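To keep things clear, I will list the structure first and then write my remarks on it.
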Amino acid sequence: PENGQTSALLGSLYFERGEYKRAIESCRRATKLNPYDQSAYITLADSLLFLGRDEESQTVVEEMERNRQEAWRRYQDRFSGQDRADAGF
């Protein structure tokens, strides 16, 4: 699916069924479509752990945290009026 939320849900279903490789594929697609969807990152990291891919899992968690911080900054800018100031309004 070309929808981040649908891909994340599909990844969760695969994870629950123990189909970790398929969960990884779906969650990677979900994070590309929506890099701010933490649930997809969590399922992706957990799937990698279940396959013994600890370092990759750690990298995914770090990426999730960077994206979470960016989303928070954008949220704060949006409601502080900073984004309007940057745009010259």
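Every chain in the structure tokens takes a letter, A first, then B, and so on in the order presented; its residues are numbered from 1, and the ligands are numbered from 1 following the presented order.
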Counting only C-alpha atoms, what is within 8 Å of stretch 58-65 of chain A, bar same-chain residues fewer than 4 positions away, as number ranges by chain? A: 35-36, 38, 41-42, 44-45, 54, 69
Can I get the selection written as a PDB file, in the first residue's frame, with C-alpha atoms?
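Wrote it out as part.pdb, contents follow:
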```
ATOM      1  CA  PRO A  35       8.644   9.538   8.976  1.00  0.00           C
ATOM      2  CA  TYR A  36       6.766  10.809  12.052  1.00  0.00           C
ATOM      3  CA  GLN A  38       6.421   6.252  15.844  1.00  0.00           C
ATOM      4  CA  TYR A  41       9.400   2.582  13.982  1.00  0.00           C
ATOM      5  CA  ILE A  42       8.654   0.637  17.156  1.00  0.00           C
ATOM      6  CA  LEU A  44      10.287  -2.160  12.879  1.00  0.00           C
ATOM      7  CA  ALA A  45      12.785  -2.033  15.763  1.00  0.00           C
ATOM      8  CA  ASP A  54      20.314  -5.555  17.331  1.00  0.00           C
ATOM      9  CA  GLN A  69      12.382  15.802  17.934  1.00  0.00           C
TER      10      GLN A  69
END
```
Can you write out as a Markdown table which residues of stretch 34-76 of chain A fall within 9 Å of stretch 4-17 of chain A, alongside each residue's closest atom pair and its distance in Å to one decimal, counting only C-alpha atoms and ordering rows by chain and ascending residue number?
```
| residue | atom | partner | partner_atom | distance |
| --- | --- | --- | --- | --- |
| A:Asn34 | CA | A:Gly4 | CA | 5.5 |
| A:Pro35 | CA | A:Gly4 | CA | 8.8 |
| A:Asp37 | CA | A:Gln5 | CA | 7.9 |
| A:Ser39 | CA | A:Ala8 | CA | 7.2 |
| A:Ala40 | CA | A:Ala8 | CA | 5.0 |
| A:Tyr41 | CA | A:Ala8 | CA | 8.7 |
| A:Thr43 | CA | A:Ser12 | CA | 6.3 |
| A:Leu44 | CA | A:Gly11 | CA | 7.8 |
| A:Asp46 | CA | A:Phe15 | CA | 8.5 |
| A:Ser47 | CA | A:Phe15 | CA | 6.7 |
```
Atom CA of A:Asn3 to atom CA of A:Ala30: how many Å, to one decimal? 7.2 Å
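Across A:Glu70, A:Ser57, A:Asp77, A:Leu51, the tightest approach to A:Arg28 is made by A:Ser57 when counting only C-alpha atoms.
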Would you please extract all alpha helix (DSSP H) residues from chain A, as assigned by DSSP on the backbone, and give them as a PyMOL selection string? chain A and resi 4-16+20-33+38-50+54-80+82-86
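In terms of minimum interatomic distance to A:Arg29, A:Glu2 ranks closest within A:Glu2, A:Gln76, A:Glu56, A:Asn67, counting only C-alpha atoms.
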Using Å and a single decimal, report how far atom CA of A:Lys21 sits from atom CA of A:Leu48.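 Between atom CA of A:Leu48 and atom CA of A:Lys21 the gap works out to 8.2 Å.
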Pairwise distance for atom CA of A:Trp72 and atom CA of A:Thr31, rounded to one decimal in Å: 16.9 Å
